[in-house]
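Student: The structure is given below, and queries will be raised subsequently.
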Amino acid sequence: MENEKLEQLRYPIGKLEVPDTITKNNLEEWITVLEQLPQRLSDLVTPLSEEQLETPYRPDGWTVRQLVHHISDSHHNSYIRFKWALTENTPIIKAYDEKAWAELFDTRTAPILMSLYHLSAIHAKLVYLLKGLSEEDLNRSFIHPIGNQNTSLKENIARYAWHSNHHYAHIENLVKREGW
């Protein structure tokens with residue numbers, strides 16, 4: 001498969017781009033994405049058969065099942081990062097090996113409902129938290145140990161709205177390509 005087509009399969013909505021100035025409207029849009037993701041994802045994946053859940057979204061990519069579990073795991077970690085940044089002074093967060101997590105037994109075999117329920121609960125808590133943050137809170141930050149990247153909570157909201165749409169598009173595009 002040609003590199004350009006593989007890149008489109010990997011990044012169907014493009015790579016993350018955070019605006020230099022994050023507006024209140026940006027935040028509201030991103031929080032809405034986070035609020036709606038659990039239901040949108042559930043509507044997309046629950047009709048799929050076991051065979052379809054075992055289909056990679058691209059060559060050498062994760063299966064739909066792995067993607068669903070990855071989204072839940074990733075957003076759980078993100079929620080914890082928000083809490084750390086709100087309760088500690090620019091904490092260095094814990095990174096995790098998402099590729100290794102995706103290969104774990106549970107991620108490869110567990111029913112997707114487990115992660116869909118978890119995602120629904122974690123997003124309800126996350127969205128409730130985000131809607132109550134002050135401007136001062138939103139400017140708090142954490143440091144990612146890989147590259148010592150300082151990320152504000154505003155930027156992290158953008159990142160996880162993008163992450164939500166990014167993986168949703170992986171699955172949605174697969175469903176369309178396969179005619180499911």
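In the structure tokens, chains take letters A, B, ... by order of appearance, with residues numbered from 1 within each chain and ligands from 1 in the order shown.
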Find the spatial neighbours of Glu28 of chain A, counting only C-alpha atoms, within a cut-off of 10 Å - ignore same-chain residues fewer than 5 positions away - and output them as a list in words.
Tutor: Thr23, Val33, Leu34, Leu130, Lys131 and Ile157 of chain A
Student: For the residues in the current selection, export C-alpha atoms as a short mmCIF file (atom, residue, chain, number, x, y, z; two decimals), in the first residue's frame.
Tutor:
```cif
data_model
loop_
_atom_site.label_atom_id
_atom_site.label_comp_id
_atom_site.auth_asym_id
_atom_site.auth_seq_id
_atom_site.Cartn_x
_atom_site.Cartn_y
_atom_site.Cartn_z
CA THR A 23 -11.09 30.36 23.01
CA VAL A 33 -17.02 16.06 21.60
CA LEU A 34 -15.96 14.40 24.86
CA LEU A 130 -14.14 20.14 32.83
CA LYS A 131 -17.35 22.16 32.84
CA ILE A 157 -8.91 19.02 26.31
#
```
Student: Using only C-alpha atoms, which residues sit within 8 Å of segment 85-100 of chain A once same-chain residues fewer than 4 positions away are excluded, as a count of residues only?
Tutor: 13
Student: Go through segment 12-71 of chain A and collect every residue that DSSP, computed from the backbone, puts in alpha helix (DSSP H); the answer should be as a ChimeraX atom specification.
Tutor: /A:24-45,50-53,64-71
Student: Env of Gln8 of chain A: 10 Å cut, atoms = only C-alpha atoms, seq-sep filter 5 positions within chain, self excluded. Answer as a ChimeraX atom specification.
Tutor: /A:3,13-14,58,170
Student: Rank nothing, just name the residue among A:Asn148, A:Ile171, A:Glu135, A:Lys15 nearest to Thr46 of chain A, using only C-alpha atoms.
Tutor: A:Ile171
Student: Identify, on the basis of only C-alpha atoms, every residue whose closest approach to His167 of chain A does not exceed 12 Å; exclude the query and any residue fewer than 5 positions from it along the same chain; express the result as an MDAnalysis selection string.
Tutor: chainID A and resid 9:15 37 40:41 44:45 57:58 61:72 74:75 160:162 172:174
Student: If you keep N, CA, C and O atoms, can you produce a file of those selected residues as a short mmCIF file (atom, residue, chain, number, x, y, z; two decimals), in the first residue's frame?
Tutor:
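Written output follows (selection_20.cif):
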```cif
data_model
loop_
_atom_site.label_atom_id
_atom_site.label_comp_id
_atom_site.auth_asym_id
_atom_site.auth_seq_id
_atom_site.Cartn_x
_atom_site.Cartn_y
_atom_site.Cartn_z
N LEU A 9 -5.04 6.49 6.23
CA LEU A 9 -5.68 5.51 7.11
C LEU A 9 -5.27 5.72 8.56
O LEU A 9 -6.07 5.54 9.47
N ARG A 10 -4.01 6.11 8.78
CA ARG A 10 -3.52 6.34 10.15
C ARG A 10 -4.08 7.62 10.74
O ARG A 10 -4.37 7.68 11.93
N TYR A 11 -4.18 8.66 9.93
CA TYR A 11 -4.63 9.98 10.41
C TYR A 11 -5.81 10.48 9.58
O TYR A 11 -5.67 11.45 8.82
N PRO A 12 -6.96 9.85 9.70
CA PRO A 12 -8.09 10.20 8.83
C PRO A 12 -8.62 11.62 9.03
O PRO A 12 -9.23 12.18 8.12
N ILE A 13 -8.37 12.22 10.19
CA ILE A 13 -8.80 13.61 10.42
C ILE A 13 -7.61 14.55 10.50
O ILE A 13 -7.74 15.70 10.90
N GLY A 14 -6.43 14.04 10.14
CA GLY A 14 -5.21 14.83 10.24
C GLY A 14 -4.60 14.70 11.62
O GLY A 14 -5.18 14.09 12.52
N LYS A 15 -3.42 15.26 11.77
CA LYS A 15 -2.74 15.24 13.06
C LYS A 15 -3.27 16.37 13.95
O LYS A 15 -3.84 17.34 13.45
N LEU A 37 -18.89 11.40 22.81
CA LEU A 37 -18.15 10.24 22.33
C LEU A 37 -18.71 8.90 22.83
O LEU A 37 -18.87 7.99 22.00
N ARG A 40 -21.81 8.00 20.77
CA ARG A 40 -21.47 7.87 19.34
C ARG A 40 -20.70 6.58 19.08
O ARG A 40 -21.00 5.85 18.12
N LEU A 41 -19.70 6.31 19.92
CA LEU A 41 -18.88 5.11 19.73
C LEU A 41 -19.72 3.86 19.95
O LEU A 41 -19.64 2.91 19.15
N LEU A 44 -21.84 3.13 17.02
CA LEU A 44 -21.05 2.68 15.88
C LEU A 44 -20.63 1.22 16.01
O LEU A 44 -20.68 0.47 15.04
N VAL A 45 -20.20 0.81 17.21
CA VAL A 45 -19.56 -0.52 17.34
C VAL A 45 -20.46 -1.64 17.86
O VAL A 45 -20.18 -2.80 17.61
N TYR A 57 -8.29 -1.82 11.52
CA TYR A 57 -8.79 -0.65 10.79
C TYR A 57 -7.87 -0.27 9.63
O TYR A 57 -8.27 0.47 8.74
N ARG A 58 -6.64 -0.78 9.65
CA ARG A 58 -5.69 -0.57 8.55
C ARG A 58 -4.68 -1.71 8.60
O ARG A 58 -4.59 -2.42 9.61
N GLY A 61 -2.62 -2.48 11.72
CA GLY A 61 -3.24 -1.64 12.74
C GLY A 61 -3.97 -2.48 13.76
O GLY A 61 -4.07 -3.71 13.64
N TRP A 62 -4.48 -1.81 14.77
CA TRP A 62 -5.26 -2.49 15.80
C TRP A 62 -6.61 -2.90 15.26
O TRP A 62 -7.15 -2.29 14.33
N THR A 63 -7.19 -3.91 15.90
CA THR A 63 -8.55 -4.31 15.56
C THR A 63 -9.53 -3.31 16.15
O THR A 63 -9.17 -2.50 17.03
N VAL A 64 -10.77 -3.40 15.72
CA VAL A 64 -11.81 -2.54 16.28
C VAL A 64 -11.89 -2.79 17.79
O VAL A 64 -11.98 -1.84 18.58
N ARG A 65 -11.83 -4.04 18.21
CA ARG A 65 -11.88 -4.37 19.64
C ARG A 65 -10.73 -3.67 20.39
O ARG A 65 -10.94 -3.05 21.44
N GLN A 66 -9.52 -3.77 19.85
CA GLN A 66 -8.38 -3.13 20.50
C GLN A 66 -8.56 -1.61 20.55
O GLN A 66 -8.20 -0.98 21.55
N LEU A 67 -9.10 -1.02 19.50
CA LEU A 67 -9.34 0.43 19.49
C LEU A 67 -10.32 0.84 20.59
O LEU A 67 -10.08 1.82 21.30
N VAL A 68 -11.41 0.09 20.73
CA VAL A 68 -12.40 0.43 21.75
C VAL A 68 -11.76 0.37 23.13
O VAL A 68 -11.92 1.29 23.95
N HIS A 69 -11.01 -0.69 23.40
CA HIS A 69 -10.36 -0.82 24.70
C HIS A 69 -9.27 0.25 24.87
O HIS A 69 -9.10 0.80 25.97
N HIS A 70 -8.55 0.57 23.80
CA HIS A 70 -7.52 1.61 23.86
C HIS A 70 -8.13 2.96 24.22
O HIS A 70 -7.59 3.70 25.06
N ILE A 71 -9.23 3.32 23.59
CA ILE A 71 -9.86 4.61 23.87
C ILE A 71 -10.22 4.69 25.35
O ILE A 71 -9.94 5.69 26.02
N SER A 72 -10.80 3.64 25.88
CA SER A 72 -11.16 3.61 27.29
C SER A 72 -9.93 3.74 28.19
O SER A 72 -9.92 4.55 29.13
N SER A 74 -6.92 4.95 27.41
CA SER A 74 -6.28 6.24 27.20
C SER A 74 -7.03 7.36 27.91
O SER A 74 -6.43 8.22 28.57
N HIS A 75 -8.35 7.35 27.81
CA HIS A 75 -9.13 8.42 28.40
C HIS A 75 -9.18 8.30 29.92
O HIS A 75 -9.29 9.31 30.62
N TYR A 160 -7.64 15.38 23.68
CA TYR A 160 -8.55 14.25 23.85
C TYR A 160 -9.83 14.38 23.03
O TYR A 160 -10.43 13.36 22.69
N ALA A 161 -10.22 15.58 22.67
CA ALA A 161 -11.30 15.73 21.69
C ALA A 161 -10.80 15.20 20.34
O ALA A 161 -11.50 14.45 19.66
N TRP A 162 -9.57 15.60 19.98
CA TRP A 162 -8.98 15.09 18.73
C TRP A 162 -8.85 13.57 18.81
O TRP A 162 -9.21 12.87 17.85
N GLU A 172 -15.18 4.27 11.90
CA GLU A 172 -16.21 4.68 10.95
C GLU A 172 -15.76 4.46 9.51
O GLU A 172 -16.53 3.96 8.67
N ASN A 173 -14.53 4.81 9.20
CA ASN A 173 -14.02 4.62 7.84
C ASN A 173 -13.94 3.15 7.47
O ASN A 173 -14.22 2.77 6.34
N LEU A 174 -13.54 2.30 8.43
CA LEU A 174 -13.51 0.86 8.19
C LEU A 174 -14.92 0.34 7.89
O LEU A 174 -15.11 -0.42 6.94
#
```
Student: Show which residues sit within 12 Å of Thr21 of chain A, as a short mmCIF file (atom, residue, chain, number, x, y, z; two decimals) with C-alpha atoms, in the first residue's frame. Count only C-alpha atoms, and ignore same-chain residues fewer than 4 positions away.
Tutor:
```
data_model
loop_
_atom_site.label_atom_id
_atom_site.label_comp_id
_atom_site.auth_asym_id
_atom_site.auth_seq_id
_atom_site.Cartn_x
_atom_site.Cartn_y
_atom_site.Cartn_z
CA GLU A 17 -3.38 20.96 15.71
CA ASN A 25 -15.86 28.42 22.01
CA ASN A 26 -13.00 26.00 21.28
CA LEU A 27 -13.30 24.58 24.78
CA ASN A 139 -4.13 27.12 32.57
CA LYS A 154 -6.75 23.57 27.82
CA GLU A 155 -4.39 21.81 25.42
CA ALA A 158 -8.03 19.68 22.65
#
```
